[in-house]
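Student: Pasting query_39.cif below, which is mmCIF, C-alpha atoms and all ligand atoms.
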```
data_upload
#
loop_
_atom_site.label_atom_id
_atom_site.label_comp_id
_atom_site.auth_asym_id
_atom_site.auth_seq_id
_atom_site.Cartn_x
_atom_site.Cartn_y
_atom_site.Cartn_z
CA MET A 6 10.17 7.66 -26.51
CA THR A 7 6.59 7.22 -27.75
CA THR A 8 4.40 10.23 -28.59
CA LEU A 9 2.20 9.40 -25.61
CA ILE A 10 5.12 9.47 -23.18
CA LYS A 11 6.48 12.69 -24.77
CA LYS A 12 3.10 14.35 -24.28
CA ILE A 13 2.96 13.23 -20.65
CA GLU A 14 6.47 14.55 -19.99
CA GLN A 15 5.74 17.88 -21.63
CA LEU A 16 2.40 18.45 -19.91
CA LYS A 17 3.84 17.38 -16.58
CA LYS A 18 6.44 20.16 -16.89
CA GLU A 19 3.90 22.76 -18.01
CA ARG A 20 1.62 21.94 -15.11
CA ASN A 21 4.44 21.56 -12.58
CA ALA A 22 2.96 18.18 -11.65
CA VAL A 23 4.57 15.16 -10.05
CA ILE A 24 3.64 11.56 -10.85
CA LEU A 25 3.68 9.04 -7.99
CA SER A 26 3.42 5.30 -8.61
CA HIS A 27 2.78 2.48 -6.20
CA ASN A 28 5.09 -0.54 -6.57
CA TYR A 29 2.22 -2.65 -8.03
CA GLN A 30 1.53 -0.36 -10.99
CA LEU A 31 2.04 -1.51 -14.61
CA PRO A 32 5.70 -1.31 -15.80
CA GLU A 33 5.02 1.64 -18.14
CA ILE A 34 3.49 3.62 -15.26
CA GLN A 35 6.42 2.86 -12.96
CA ASP A 36 8.74 4.02 -15.77
CA ILE A 37 7.13 7.46 -16.24
CA ALA A 38 6.72 8.10 -12.50
CA ASP A 39 8.88 10.63 -10.67
CA PHE A 40 8.70 8.50 -7.53
CA ARG A 41 7.79 4.86 -6.85
CA GLY A 42 7.14 3.44 -3.42
CA ASP A 43 4.98 1.66 -0.88
CA SER A 44 1.99 3.23 0.91
CA LEU A 45 4.10 4.91 3.60
CA GLU A 46 6.80 6.17 1.22
CA LEU A 47 4.24 7.65 -1.20
CA SER A 48 2.41 9.50 1.60
CA ARG A 49 5.68 10.96 2.80
CA ILE A 50 6.71 12.00 -0.71
CA ALA A 51 3.29 13.56 -1.41
CA ALA A 52 3.63 15.70 1.71
CA LYS A 53 7.19 16.73 0.87
CA VAL A 54 7.30 17.43 -2.89
CA ASP A 55 7.25 20.97 -4.11
CA ALA A 56 4.39 20.60 -6.61
CA LYS A 57 0.82 21.81 -6.56
CA ILE A 58 -0.49 18.89 -8.63
CA ILE A 59 0.09 15.22 -7.82
CA ILE A 60 -0.95 12.53 -10.27
CA PHE A 61 -1.45 9.57 -7.95
CA CYS A 62 -1.10 6.17 -9.65
CA GLY A 63 -2.32 3.74 -7.04
CA VAL A 64 -5.63 3.01 -5.34
CA HIS A 65 -8.17 5.34 -3.75
CA PHE A 66 -7.14 5.09 -0.08
CA MET A 67 -3.57 6.05 -1.03
CA ALA A 68 -4.73 9.20 -2.85
CA GLU A 69 -6.97 10.02 0.11
CA THR A 70 -4.00 9.69 2.47
CA ALA A 71 -2.09 12.14 0.29
CA SER A 72 -5.08 14.53 0.38
CA ILE A 73 -5.22 14.25 4.19
CA LEU A 74 -1.53 15.11 4.48
CA CYS A 75 -1.48 17.90 1.90
CA PRO A 76 -4.90 19.55 1.58
CA ASN A 77 -3.51 22.41 -0.49
CA LYS A 78 -2.25 20.16 -3.26
CA ARG A 79 -4.47 18.82 -6.03
CA ILE A 80 -4.44 15.03 -5.81
CA ILE A 81 -5.60 13.60 -9.13
CA MET A 82 -6.21 9.92 -9.86
CA PRO A 83 -5.93 8.80 -13.48
CA ASP A 84 -8.74 6.31 -12.68
CA ILE A 85 -10.77 7.25 -9.64
CA ASN A 86 -12.52 3.86 -9.69
CA ALA A 87 -9.31 2.10 -8.65
CA GLY A 88 -10.31 1.07 -5.14
CA CYS A 89 -8.99 -1.40 -2.60
CA PRO A 90 -11.46 -4.24 -1.88
CA MET A 91 -9.84 -4.79 1.53
CA ALA A 92 -10.35 -1.14 2.50
CA ASN A 93 -14.00 -1.48 1.43
CA MET A 94 -14.53 -4.39 3.86
CA ILE A 95 -15.08 -2.01 6.78
CA THR A 96 -17.18 1.16 7.01
CA ALA A 97 -16.97 3.93 9.61
CA GLN A 98 -20.32 2.71 11.00
CA ASP A 99 -18.93 -0.86 11.35
CA LEU A 100 -16.00 0.53 13.30
CA ARG A 101 -18.16 2.72 15.52
CA GLU A 102 -20.23 -0.36 16.45
CA LEU A 103 -17.06 -2.37 17.20
CA LYS A 104 -15.78 0.49 19.38
CA GLU A 105 -19.09 0.51 21.29
CA ARG A 106 -18.57 -3.17 22.09
CA HIS A 107 -15.01 -2.45 23.33
CA PRO A 108 -15.21 1.06 24.83
CA LYS A 109 -11.79 0.85 26.49
CA ALA A 110 -9.90 -0.41 23.47
CA VAL A 111 -7.32 1.62 21.58
CA VAL A 112 -8.04 1.52 17.84
CA VAL A 113 -5.29 0.78 15.33
CA GLY A 114 -6.13 0.89 11.63
CA TYR A 115 -4.19 -0.16 8.59
CA VAL A 116 -3.62 2.62 6.05
CA ASN A 117 -5.73 0.48 3.68
CA THR A 118 -8.94 2.11 4.97
CA SER A 119 -11.18 4.95 3.81
CA ALA A 120 -10.68 8.47 5.22
CA GLU A 121 -13.98 8.07 7.15
CA VAL A 122 -12.61 4.96 8.88
CA LYS A 123 -9.29 6.72 9.57
CA ALA A 124 -11.25 9.48 11.30
CA GLU A 125 -12.40 6.82 13.83
CA LEU A 126 -8.87 5.56 14.61
CA ASP A 127 -6.52 6.37 17.45
CA ILE A 128 -3.50 5.50 15.35
CA CYS A 129 -2.83 4.45 11.79
CA CYS A 130 -0.19 1.97 10.56
CA THR A 131 1.21 0.58 7.33
CA SER A 132 2.72 -2.83 6.65
CA THR A 133 6.14 -1.24 7.21
CA ASN A 134 5.45 -0.06 10.75
CA ALA A 135 2.47 -2.10 12.05
CA VAL A 136 4.64 -4.03 14.54
CA ALA A 137 6.31 -0.84 15.83
CA VAL A 138 2.95 0.91 16.17
CA VAL A 139 1.39 -1.91 18.21
CA ASN A 140 4.57 -2.26 20.29
CA SER A 141 4.28 1.43 21.16
CA LEU A 142 0.91 0.82 22.87
CA ILE A 143 2.28 -0.08 26.25
CA LYS A 144 -0.20 -0.51 29.11
CA LYS A 145 -3.09 -0.94 26.63
CA ASP A 146 -5.01 -4.08 27.46
CA GLU A 147 -7.47 -4.03 24.60
CA ILE A 148 -6.37 -3.25 21.04
CA ILE A 149 -8.70 -3.22 18.05
CA PHE A 150 -6.95 -3.81 14.72
CA VAL A 151 -8.77 -3.22 11.41
CA PRO A 152 -9.40 -4.30 8.68
CA ASP A 153 -6.84 -7.02 7.79
CA LYS A 154 -7.14 -10.17 9.89
CA TYR A 155 -3.94 -11.63 8.43
CA LEU A 156 -1.85 -8.53 9.14
CA ALA A 157 -3.41 -8.56 12.62
CA ASP A 158 -2.35 -12.19 13.09
CA TYR A 159 1.20 -11.40 11.94
CA VAL A 160 1.45 -8.36 14.25
CA SER A 161 -0.01 -10.31 17.14
CA LYS A 162 2.63 -13.05 16.75
CA LYS A 163 5.45 -10.48 16.48
CA THR A 164 4.35 -8.38 19.47
CA GLY A 165 2.82 -11.06 21.71
CA LYS A 166 -0.31 -8.89 22.06
CA VAL A 167 -3.87 -10.13 21.65
CA LEU A 168 -5.66 -8.07 19.00
CA ILE A 169 -9.38 -7.70 18.37
CA ALA A 170 -9.25 -8.13 14.60
CA TRP A 171 -11.78 -7.27 11.91
CA ASP A 172 -12.55 -10.05 9.43
CA GLY A 173 -11.03 -8.34 6.37
CA TYR A 174 -8.38 -9.58 3.98
CA CYS A 175 -6.76 -8.80 0.64
CA PRO A 176 -8.38 -10.82 -2.18
CA THR A 177 -5.10 -10.67 -4.13
CA HIS A 178 -2.75 -11.89 -1.41
CA VAL A 179 -5.02 -14.76 -0.32
CA LYS A 180 -4.52 -16.25 -3.78
CA ILE A 181 -0.96 -17.15 -2.73
CA MET A 182 -1.20 -20.61 -1.16
CA PRO A 183 1.35 -22.57 0.90
CA GLU A 184 1.66 -25.13 -1.89
CA ASP A 185 2.74 -22.31 -4.27
CA ILE A 186 5.63 -21.48 -1.94
CA ILE A 187 6.59 -25.14 -1.47
CA ARG A 188 6.50 -25.80 -5.24
CA THR A 189 8.54 -22.69 -6.09
CA ILE A 190 11.14 -23.50 -3.41
CA ARG A 191 11.48 -27.00 -4.91
CA VAL A 192 12.34 -25.45 -8.30
CA HIS A 193 14.56 -22.69 -6.83
CA PRO A 194 16.00 -24.16 -3.62
CA ASP A 195 18.58 -21.37 -3.11
CA ALA A 196 16.10 -18.51 -3.42
CA VAL A 197 15.26 -16.30 -0.44
CA VAL A 198 11.49 -16.28 0.17
CA LEU A 199 9.95 -12.84 0.76
CA VAL A 200 6.21 -12.44 1.35
CA HIS A 201 3.91 -9.56 2.26
CA PRO A 202 2.35 -9.57 5.76
CA GLU A 203 -1.09 -9.50 4.08
CA CYS A 204 -0.48 -13.15 3.12
CA ARG A 205 -2.13 -16.05 4.93
CA PRO A 206 -0.34 -17.15 8.14
CA ASP A 207 0.49 -20.58 6.64
CA VAL A 208 2.24 -18.77 3.78
CA ILE A 209 4.10 -16.38 6.09
CA SER A 210 5.35 -19.29 8.19
CA LEU A 211 7.11 -20.72 5.09
CA ALA A 212 8.89 -17.45 4.26
CA ASP A 213 12.29 -16.12 5.27
CA GLU A 214 10.90 -12.59 5.72
CA ALA A 215 7.49 -10.87 5.74
CA LEU A 216 7.97 -7.30 4.48
CA SER A 217 6.13 -4.34 2.97
CA THR A 218 6.85 -3.72 -0.71
CA GLY A 219 9.23 -0.87 0.13
CA ARG A 220 11.11 -3.02 2.62
CA MET A 221 11.32 -5.85 0.07
CA ALA A 222 12.96 -3.45 -2.41
CA LYS A 223 15.50 -2.45 0.26
CA PHE A 224 16.10 -6.02 1.42
CA VAL A 225 16.79 -7.28 -2.13
CA LYS A 226 19.19 -4.41 -2.86
CA GLU A 227 21.22 -5.07 0.29
CA SER A 228 21.12 -8.89 0.11
CA LYS A 229 24.05 -10.98 -1.12
CA ALA A 230 21.59 -13.60 -2.44
CA SER A 231 20.93 -13.67 -6.17
CA GLU A 232 17.52 -15.41 -6.32
CA PHE A 233 14.27 -14.45 -4.62
CA ILE A 234 10.77 -15.89 -4.48
CA ILE A 235 8.33 -12.99 -4.21
CA GLY A 236 5.03 -13.57 -2.43
CA THR A 237 3.11 -10.40 -3.16
CA GLU A 238 1.31 -8.68 -6.03
CA VAL A 239 3.22 -9.56 -9.19
CA GLY A 240 3.80 -5.92 -10.25
CA LEU A 241 6.58 -5.54 -7.69
CA ILE A 242 8.77 -7.95 -9.69
CA TYR A 243 9.16 -5.37 -12.47
CA ARG A 244 10.64 -2.86 -10.03
CA LEU A 245 12.88 -5.44 -8.35
CA SER A 246 14.23 -6.70 -11.70
CA LYS A 247 14.85 -3.18 -12.99
CA ASP A 248 16.67 -2.08 -9.84
CA ASN A 249 18.71 -5.29 -9.52
CA PRO A 250 19.74 -6.44 -13.00
CA GLY A 251 22.03 -9.21 -11.73
CA LYS A 252 19.37 -10.86 -9.56
CA ARG A 253 16.49 -13.19 -10.44
CA PHE A 254 12.93 -13.05 -9.16
CA PHE A 255 10.20 -15.69 -9.21
CA ALA A 256 6.55 -14.98 -8.45
CA ALA A 257 5.16 -17.25 -5.73
CA SER A 258 1.89 -17.17 -7.68
CA GLU A 259 1.03 -15.46 -10.97
CA LEU A 260 -2.56 -15.29 -9.67
CA ALA A 261 -1.58 -12.59 -7.18
CA LEU A 262 -2.62 -9.72 -9.42
CA CYS A 263 -4.55 -6.70 -8.12
CA PRO A 264 -6.97 -5.64 -10.89
CA ASN A 265 -7.48 -2.23 -9.31
CA MET A 266 -3.77 -1.45 -9.44
CA LYS A 267 -3.82 -2.24 -13.17
CA ARG A 268 -6.63 0.21 -13.99
CA THR A 269 -4.12 3.04 -14.43
CA THR A 270 -2.83 3.29 -18.00
CA LEU A 271 -0.62 5.79 -19.85
CA GLU A 272 -3.66 7.15 -21.72
CA LYS A 273 -5.46 7.81 -18.44
CA VAL A 274 -2.34 9.52 -17.03
CA LEU A 275 -2.28 11.84 -20.05
CA TRP A 276 -6.00 12.61 -19.77
CA SER A 277 -5.62 13.34 -16.07
CA LEU A 278 -2.85 15.86 -16.86
CA GLU A 279 -4.93 17.43 -19.63
CA GLU A 280 -8.22 17.68 -17.75
CA LEU A 281 -7.15 17.76 -14.08
CA LYS A 282 -10.42 16.01 -13.22
CA GLN A 283 -10.97 13.06 -10.86
CA GLN A 284 -9.59 14.97 -7.91
CA VAL A 285 -9.54 13.20 -4.54
CA LYS A 286 -10.33 15.67 -1.78
CA VAL A 287 -11.16 14.61 1.75
CA PRO A 288 -13.67 16.97 3.44
CA ASP A 289 -12.03 19.08 6.14
CA GLU A 290 -13.98 17.71 9.10
CA ILE A 291 -12.98 14.10 8.28
CA ARG A 292 -9.49 15.16 7.23
CA LYS A 293 -8.62 16.77 10.55
CA LYS A 294 -9.63 13.67 12.54
CA ALA A 295 -7.94 11.24 10.13
CA LYS A 296 -4.76 13.33 10.13
CA LYS A 297 -4.40 12.93 13.90
CA ALA A 298 -4.19 9.13 13.47
CA ILE A 299 -1.66 9.46 10.64
CA ASP A 300 0.42 12.03 12.56
CA LYS A 301 0.60 9.69 15.55
CA MET A 302 1.94 6.96 13.28
CA MET A 303 4.51 9.32 11.76
CA GLU A 304 5.71 10.27 15.26
CA ILE A 305 6.48 6.61 16.00
CA THR A 306 8.25 5.83 12.73
P1 LIG B 1 2.70 -1.69 0.79
O1 LIG B 1 2.49 -0.55 1.72
O2 LIG B 1 3.58 -2.75 1.35
O3 LIG B 1 3.17 -1.22 -0.56
O4 LIG B 1 1.31 -2.42 0.60
C1 LIG B 1 0.21 -1.81 0.06
C2 LIG B 1 -0.80 -2.77 -0.36
O5 LIG B 1 -1.88 -2.42 -0.76
C3 LIG B 1 -0.45 -4.18 -0.26
O6 LIG B 1 -1.41 -4.94 -0.86
FE1 LIG B 2 -5.91 -3.63 -1.74
FE2 LIG B 2 -4.87 -6.06 -1.93
FE3 LIG B 2 -4.90 -4.47 -4.07
FE4 LIG B 2 -3.27 -3.98 -1.99
S1 LIG B 2 -3.19 -5.72 -3.38
S2 LIG B 2 -4.53 -2.50 -3.08
S3 LIG B 2 -4.57 -4.63 -0.28
S4 LIG B 2 -6.68 -5.33 -2.97
#
```
Would you encode the structure as structure tokens?

Tutor:
Amino acid sequence: MTTLIKKIEQLKKERNAVILSHNYQLPEIQDIADFRGDSLELSRIAAKVDAKIIIFCGVHFMAETASILCPNKRIIMPDINAGCPMANMITAQDLRELKERHPKAVVVGYVNTSAEVKAELDICCTSTNAVAVVNSLIKKDEIIFVPDKYLADYVSKKTGKVLIAWDGYCPTHVKIMPEDIIRTIRVHPDAVVLVHPECRPDVISLADEALSTGRMAKFVKESKASEFIIGTEVGLIYRLSKDNPGKRFFAASELALCPNMKRTTLEKVLWSLEELKQQVKVPDEIRKKAKKAIDKMMEIT
């Protein structure tokens, strides 16, 4: 164990802190984390763990979600500038204007949104439960879905519902092209192809399954197959390889790297434990409204 890791472990105990890591974090961050997971899993863990301090290794909207769910815990980001470009593609004002144009519509928002945008939603969703959430909206003629147009397209195809989609997308997942999938299948013809629903529709149509990162981890563990082509941010492959030593994983594209997810380093984790700065705290007025949308999602899943 390096001195840096020893210091992190020791300070974590002294502070009674818990380290959460998203599945796209650097290997060394995943290794020191108490829990790894996708957006939904990390929110649930944050709300459940018996710790006053949470060191959140992920991007800003994820830490905000934790703050919304547990306002009495201190949610600290090792690098508070780790944002999500897709979440930044829509503001609360943008959404208010869209709602004015569709006053009867029910508003569904991906968890990859700011707390201010969540406060404008009727219901939140993650990539794990987006289909179930939209399916639950029976008798709703108009449904707004923000901000990811590709997730909206995927959900629309799965549910048969027309969605009024915002023009957002993930700059990392759009780097995965259909030709990447075709080329990788040619080299590994027996591999199962798993992609994230944030991928382009022409990529999703070539895959065996479109799954959130948490669901991919579960799928791989339970699958009898031994080779997988992974169409999502490349950081997930570290977790999959570690959890499944007998299985082989191939990135659909090495270009699918989220620079914001890689901003968190071991040094920054140590500093965050030492200084307890860079706290993410959602103001109460916004928090209460945003929580309603998250609670509704939790009721469904
Ligand atoms: P997951 O919830 O599937 O981990 O996705 C989060 C994300 O940001 C995907 O780009
Ligand atoms: Fe946002 Fe895409 Fe990075 Fe996920 S991979 S955090 S959606 S930019």

Student: So which one's closest to His107 in chain A, A:Met67, A:Gly251, A:Lys180, A:Ile149? Using only C-alpha atoms, please.

Tutor: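 The answer is A:Ile149, which sits nearest to His107 in chain A.
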
Student: Set the cut-off to 10 Å, count all atoms listed in the file, and list whatever residues fall near ligand LIG 1 (chain B) as JSON, numbers by chain.

Tutor: {"A": [27, 28, 29, 41, 42, 43, 44, 45, 46, 47, 63, 64, 66, 67, 89, 90, 91, 92, 115, 116, 117, 130, 131, 132, 133, 134, 174, 175, 176, 177, 178, 201, 202, 203, 204, 216, 217, 218, 219, 220, 221, 237, 238, 241, 261, 262, 263, 266]}

Student: For a cutoff of 10 Å around the file-coordinate point (-1.3, 3.1, 13.1), which residues qualify once you count only C-alpha atoms? I'd like the result as an mmCIF file with C-alpha atoms, in the frame of the given file.

Tutor:
```
data_model
loop_
_atom_site.group_PDB
_atom_site.id
_atom_site.type_symbol
_atom_site.label_atom_id
_atom_site.label_comp_id
_atom_site.auth_asym_id
_atom_site.auth_seq_id
_atom_site.Cartn_x
_atom_site.Cartn_y
_atom_site.Cartn_z
ATOM 1 C CA VAL A 112 -8.040 1.520 17.840
ATOM 2 C CA VAL A 113 -5.290 0.780 15.330
ATOM 3 C CA GLY A 114 -6.130 0.890 11.630
ATOM 4 C CA TYR A 115 -4.190 -0.160 8.590
ATOM 5 C CA VAL A 116 -3.620 2.620 6.050
ATOM 6 C CA LYS A 123 -9.290 6.720 9.570
ATOM 7 C CA LEU A 126 -8.870 5.560 14.610
ATOM 8 C CA ASP A 127 -6.520 6.370 17.450
ATOM 9 C CA ILE A 128 -3.500 5.500 15.350
ATOM 10 C CA CYS A 129 -2.830 4.450 11.790
ATOM 11 C CA CYS A 130 -0.190 1.970 10.560
ATOM 12 C CA THR A 131 1.210 0.580 7.330
ATOM 13 C CA SER A 132 2.720 -2.830 6.650
ATOM 14 C CA ASN A 134 5.450 -0.060 10.750
ATOM 15 C CA ALA A 135 2.470 -2.100 12.050
ATOM 16 C CA VAL A 136 4.640 -4.030 14.540
ATOM 17 C CA ALA A 137 6.310 -0.840 15.830
ATOM 18 C CA VAL A 138 2.950 0.910 16.170
ATOM 19 C CA VAL A 139 1.390 -1.910 18.210
ATOM 20 C CA SER A 141 4.280 1.430 21.160
ATOM 21 C CA PHE A 150 -6.950 -3.810 14.720
ATOM 22 C CA VAL A 151 -8.770 -3.220 11.410
ATOM 23 C CA ALA A 298 -4.190 9.130 13.470
ATOM 24 C CA ILE A 299 -1.660 9.460 10.640
ATOM 25 C CA ASP A 300 0.420 12.030 12.560
ATOM 26 C CA LYS A 301 0.600 9.690 15.550
ATOM 27 C CA MET A 302 1.940 6.960 13.280
ATOM 28 C CA MET A 303 4.510 9.320 11.760
ATOM 29 C CA ILE A 305 6.480 6.610 16.000
ATOM 30 C CA THR A 306 8.250 5.830 12.730
#
```

Student: Take CA of Thr118 in chain A and CA of Glu304 in chain A and report the distance between them in Å, one decimal.

Tutor: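 Going from CA of Thr118 in chain A over to CA of Glu304 in chain A, I get 19.7 Å.
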
Student: Which residue gives the smallest distance to Ile81 in chain A among A:Glu14, A:Glu290, A:Glu279, A:Glu125, with only C-alpha atoms counted?

Tutor: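 For Ile81 in chain A, the nearest of the given residues is A:Glu279.
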
Student: Looking at only C-alpha atoms, which of A:Thr70, A:Asn77, A:Asn265, A:Asn86 is the one that sits closest to Ser119 in chain A?

Tutor: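 Smallest distance to Ser119 in chain A is found for A:Thr70.
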
Student: Determine, counting only C-alpha atoms, which protein, DNA and RNA residues have an atom within 12 Å of an atom of Lys144 in chain A; residues of the same chain fewer than 4 positions away are not included. Present the result as an mmCIF file with C-alpha atoms, keeping the file's coordinate frame.

Tutor:
```cif
data_model
loop_
_atom_site.group_PDB
_atom_site.id
_atom_site.type_symbol
_atom_site.label_atom_id
_atom_site.label_comp_id
_atom_site.auth_asym_id
_atom_site.auth_seq_id
_atom_site.Cartn_x
_atom_site.Cartn_y
_atom_site.Cartn_z
ATOM 1 C CA LYS A 109 -11.790 0.850 26.490
ATOM 2 C CA ALA A 110 -9.900 -0.410 23.470
ATOM 3 C CA VAL A 111 -7.320 1.620 21.580
ATOM 4 C CA VAL A 139 1.390 -1.910 18.210
ATOM 5 C CA ASN A 140 4.570 -2.260 20.290
ATOM 6 C CA ILE A 148 -6.370 -3.250 21.040
ATOM 7 C CA LYS A 166 -0.310 -8.890 22.060
#
```

Student: So the first atom is CA of Ile60 in chain A and the second is CA of Ile24 in chain A; what is the distance between them in Å, to one decimal place?

Tutor: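 These atoms are spaced 4.7 Å apart.
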
Student: Please report, as AutoDock Vina command-line options, the centre and edge lengths in Å to one decimal of an axis-aligned box covering all listed atoms of ligand LIG 2 (chain B) with 3 Å per side.

Tutor:
```
--center_x -4.9 --center_y -4.3 --center_z -2.2 --size_x 9.5 --size_y 9.6 --size_z 9.8
```

Student: Given only C-alpha atoms as the basis, pick out the residue of A:Ala38, A:Ile234, A:Leu31, A:Leu199 nearest to Ile13 in chain A.

Tutor: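 The answer is A:Ala38, which sits nearest to Ile13 in chain A.
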
Student: I need the residue nearest Asp36 in chain A from this list: A:Leu211, A:Ile80, A:Ala124, A:Met6. Use all atoms listed in the file for the distance.

Tutor: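 Among A:Leu211, A:Ile80, A:Ala124, A:Met6, it is A:Met6 that comes nearest to Asp36 in chain A.
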